[in-house]
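The block underneath contains the structure these notes are about, expressed in structure tokens.
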Amino acid sequence: MARENTARHWIDGEWVGSARTSESVDPATGETIGRYAEAGVEEGLRAVDAAARAFTEGTWRLDPMLRATTLSHLADAYDRRMDEVIATLCRENGKLRHEAGFEAHFILRALRFAAGLAVLPHGRVADTGPGRQALSIRQPVGVAGIVVPWNSPAYLCIRALAPALAAGCTAVVKMPGQAARTAALMSEILASVPELPRGVVNVVIESGSDVARLLVESPRVPVISFTGSTATGRLVAQAAAARFKRVGLELGGKTPHLVFADADLDAALDTAVQSCTVFAGQFCMTGSRVLLQREIADEFTGALARRLESVRPGPAADPDSQIGPLIDKAAVARVDAAVQAAIAAGAEPIVRGGPSTRPELAGGAFYHPTLLAVADSSLPIVQEETFGPVQTVQVFDTEAEAVALANDTEYGLSACVWSRDADRPMRVARQLDAGLVSVNSWANLTVEFEEGGFKSSGVGRLGGPASIEDFLEYKQITQDYAPHRG
């Protein structure tokens, strides 16, 4: 079995180890739950070799029906092992069971949608003059390098891998060390699909960045799909620019809730709490900014504070847990340092939260939700992604002021508009710098539609028909043909 105590890489249809290994840790307890092989340049090169060979020597790039069948059967294979996917996310990623289920359910939709995309890239042909025709065809670009983050590794891998495979690309997937067990399970599932040719997908596990850097710099990897922080995304884009690579980037976010006085306040309150605590705030669309119209600001803030104070942290194994752990104790220290700096700079602590002091949680990386009132939008706690269960509250008077506050960051991944007015949500949504706007809801993602960010939240789109575009090249072919002489 592949998922022995030491998780290994899946390269060219074989399980591959490494000279160096690291520990897999349960973030809820701090206990070691296994080890994983640490990939380096050697394993990265081997994976690129396999993917390049599978692309040039096989029929994967030429057979859209094979790709559609494979993706459909891969969805079936995931469906059969969905309980294992969820359990692995709970244990390794710290998610509560319903959160892990939420992440995992997108996998099946993404794969089945991509199966349809596999037969979608039709070209065009037209007569451009007497005896002359022109064709526009679309072809896969080659090997795709897919760099996956640790916060939602099971779905965010498939979100990029599925359209890459649909396009006819082969792939090297770089999974993070914090998701080694998820990577090993994914490799087992891939290996169980007989239609998937050897070397088309290669999975390596790495806690560092040697393989990621290799993928970005390699001339044999013409497209990179990266999900992660904005700071790292900038480095990826800069390095890839040297070879004019295709780059798809989904980066950080600073999602605002714009709550108007005519909103359903109970619904907005429930969702605001959820948007702070899901995945312990380790989500690019965490609802970290709450913007309240003055008429309802005091009432809403008080209710939100009471709700956040009562949130019960705990492990996925405890059905009463309402927020899971951060990924590790270093993340706890980082988030708390950001909160301390904000308070020192003038933010008012309404709910201080912070690292858990409960004895039964001492081994884990738990952080109680925090709520800060802020008057100055320039504070780093407003401008920078915290990646933890921390919310700020700001007050506005007019619709124009709400839009200005919402747009006053470098990010533009998502936003939420709360109002029962018939016209306001659409009017406001069109003015927001955000790739996803949820009306009277939050992070209301739909796999069949495009997802991505404005400004420093990234470039390119995943989800929807546009998800395949990063992985395809257009080619024009013109032909002069002899007129018929009878």
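Residues in the structure tokens are numbered from 1 in each chain, the chains being A, B, ... in the order shown, and ligands are numbered from 1 in the order shown.
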
At a cut-off of 8 Å, using only C-alpha atoms, what residues contact Phe279 (chain A)? Leave out same-chain residues fewer than 4 positions from it and give the result as a PyMOL selection string. chain A and resi 94-96+99+151+283+323-324+326

Residues within 9 Å of Pro197 (chain A), only C-alpha atoms, excluding chain neighbours under 6 positions, as an mmCIF file with N, CA, C and O atoms, in the first residue's frame:
data_model
loop_
_atom_site.group_PDB
_atom_site.id
_atom_site.type_symbol
_atom_site.label_atom_id
_atom_site.label_comp_id
_atom_site.auth_asym_id
_atom_site.auth_seq_id
_atom_site.Cartn_x
_atom_site.Cartn_y
_atom_site.Cartn_z
ATOM 1 N N GLY A 13 3.946 6.702 -12.540
ATOM 2 C CA GLY A 13 3.218 5.495 -12.205
ATOM 3 C C GLY A 13 3.863 4.626 -11.148
ATOM 4 O O GLY A 13 3.485 3.454 -10.988
ATOM 5 N N ALA A 54 5.315 11.681 -21.224
ATOM 6 C CA ALA A 54 3.915 11.284 -21.417
ATOM 7 C C ALA A 54 3.207 12.221 -22.394
ATOM 8 O O ALA A 54 2.329 11.791 -23.152
ATOM 9 N N GLY A 58 2.854 9.889 -25.813
ATOM 10 C CA GLY A 58 1.567 9.228 -25.684
ATOM 11 C C GLY A 58 0.499 9.888 -26.532
ATOM 12 O O GLY A 58 0.748 10.803 -27.317
ATOM 13 N N THR A 59 -0.739 9.401 -26.363
ATOM 14 C CA THR A 59 -1.868 9.945 -27.128
ATOM 15 C C THR A 59 -2.764 10.839 -26.286
ATOM 16 O O THR A 59 -3.805 11.285 -26.765
ATOM 17 N N TRP A 60 -2.358 11.090 -25.031
ATOM 18 C CA TRP A 60 -3.199 11.875 -24.121
ATOM 19 C C TRP A 60 -3.610 13.201 -24.738
ATOM 20 O O TRP A 60 -4.777 13.599 -24.698
#

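Comparing the minimum interatomic distances between Pro176 (chain A) and each of A:Arg243, A:Ser22, A:Gly287, A:Asp127, counting only C-alpha atoms, we find that A:Ser22 sits nearest.
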
Would you list the contacts of region 299-316 of chain A as a list in words, taking every protein, DNA or RNA residue within 7 Å and counting only C-alpha atoms, but skipping same-chain residues closer than 2 positions in sequence? Ala28, Cys90, Gly94, Lys95, Leu96, Arg97, Leu269, Val273, Ile296, Ala297, Asp318, Pro319, Ser321, Gln322, Ile323, Gly324, Ile350, Val351, Phe366, His368, Pro369 and Leu371 of chain A

Point-to-point distance in Å for CA of Ala239 (chain A) and CA of Gly177 (chain A): 22.8 Å

Quick one: everything within 8 Å of Gln383 (chain A), counting only C-alpha atoms, minus sequence neighbours fewer than 3 positions away in the same chain. Send it as a ChimeraX atom specification. /A:254,377-380,408-410

Can you tell me, as a list in words, which residues in region 367-442 of chain A count as alpha helix (DSSP H) by DSSP?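 Written out, the alpha helix (DSSP H) residues of region 367-442 of chain A are Pro380, Ile381, Val382, Gln383, Glu399, Ala400, Glu401, Ala402, Val403, Ala404, Leu405, Ala406, Asn407, Arg424, Pro425, Met426, Arg427, Val428 and Ala429 of chain A.
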
Produce a file of the selected residues containing C-alpha atoms, as a compact mmCIF listing (two decimals), in the first residue's frame.
# COMPACT_ATOMS: atom_id res chain seq x y z
CA PRO A 380 -2.11 46.44 8.55
CA ILE A 381 -4.88 44.44 10.25
CA VAL A 382 -7.26 45.92 7.63
CA GLN A 383 -4.89 45.89 4.70
CA GLU A 399 -23.55 53.52 -0.03
CA ALA A 400 -20.68 55.32 -1.72
CA GLU A 401 -18.69 55.26 1.51
CA ALA A 402 -19.33 51.52 1.91
CA VAL A 403 -18.01 50.84 -1.59
CA ALA A 404 -14.96 53.02 -0.98
CA LEU A 405 -14.14 51.21 2.28
CA ALA A 406 -14.63 47.81 0.68
CA ASN A 407 -12.29 48.65 -2.21
CA ARG A 424 -28.89 47.98 -4.21
CA PRO A 425 -27.09 44.59 -4.25
CA MET A 426 -26.60 44.57 -8.01
CA ARG A 427 -25.74 48.28 -8.07
CA VAL A 428 -23.12 47.83 -5.36
CA ALA A 429 -21.79 44.53 -6.73

Of the candidates A:Val236, A:Val172, A:Val390, A:Ala341, which shows the shortest atom-to-atom distance to Ala160 (chain A), using only C-alpha atoms?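 The shortest atom-to-atom distance to Ala160 (chain A) comes from A:Val172.
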
Go through region 33-63 of chain A and collect every residue that DSSP, computed from the backbone, puts in strand (DSSP E or B); the answer should be as a list in words.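 Of region 33-63 of chain A, the ones in strand (DSSP E or B) are Ile33, Gly34, Arg35, Tyr36 and Ala37 of chain A.
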
Output for the residues just chosen: N, CA, C and O atoms as a compact mmCIF listing (two decimals), in the first residue's frame:
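Here's the written file out16.txt:
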# COMPACT_ATOMS: atom_id res chain seq x y z
N ILE A 33 1.61 11.87 13.30
CA ILE A 33 0.70 10.86 12.76
C ILE A 33 1.34 10.09 11.60
O ILE A 33 0.69 9.27 10.96
N GLY A 34 2.60 10.33 11.34
CA GLY A 34 3.30 9.62 10.28
C GLY A 34 4.46 10.44 9.78
O GLY A 34 4.81 11.49 10.34
N ARG A 35 5.07 9.97 8.72
CA ARG A 35 6.17 10.68 8.09
C ARG A 35 5.90 10.79 6.59
O ARG A 35 5.03 10.08 6.06
N TYR A 36 6.64 11.65 5.93
CA TYR A 36 6.51 11.75 4.49
C TYR A 36 7.87 12.00 3.86
O TYR A 36 8.76 12.60 4.47
N ALA A 37 8.01 11.52 2.64
CA ALA A 37 9.23 11.73 1.88
C ALA A 37 9.30 13.19 1.44
O ALA A 37 8.32 13.73 0.93
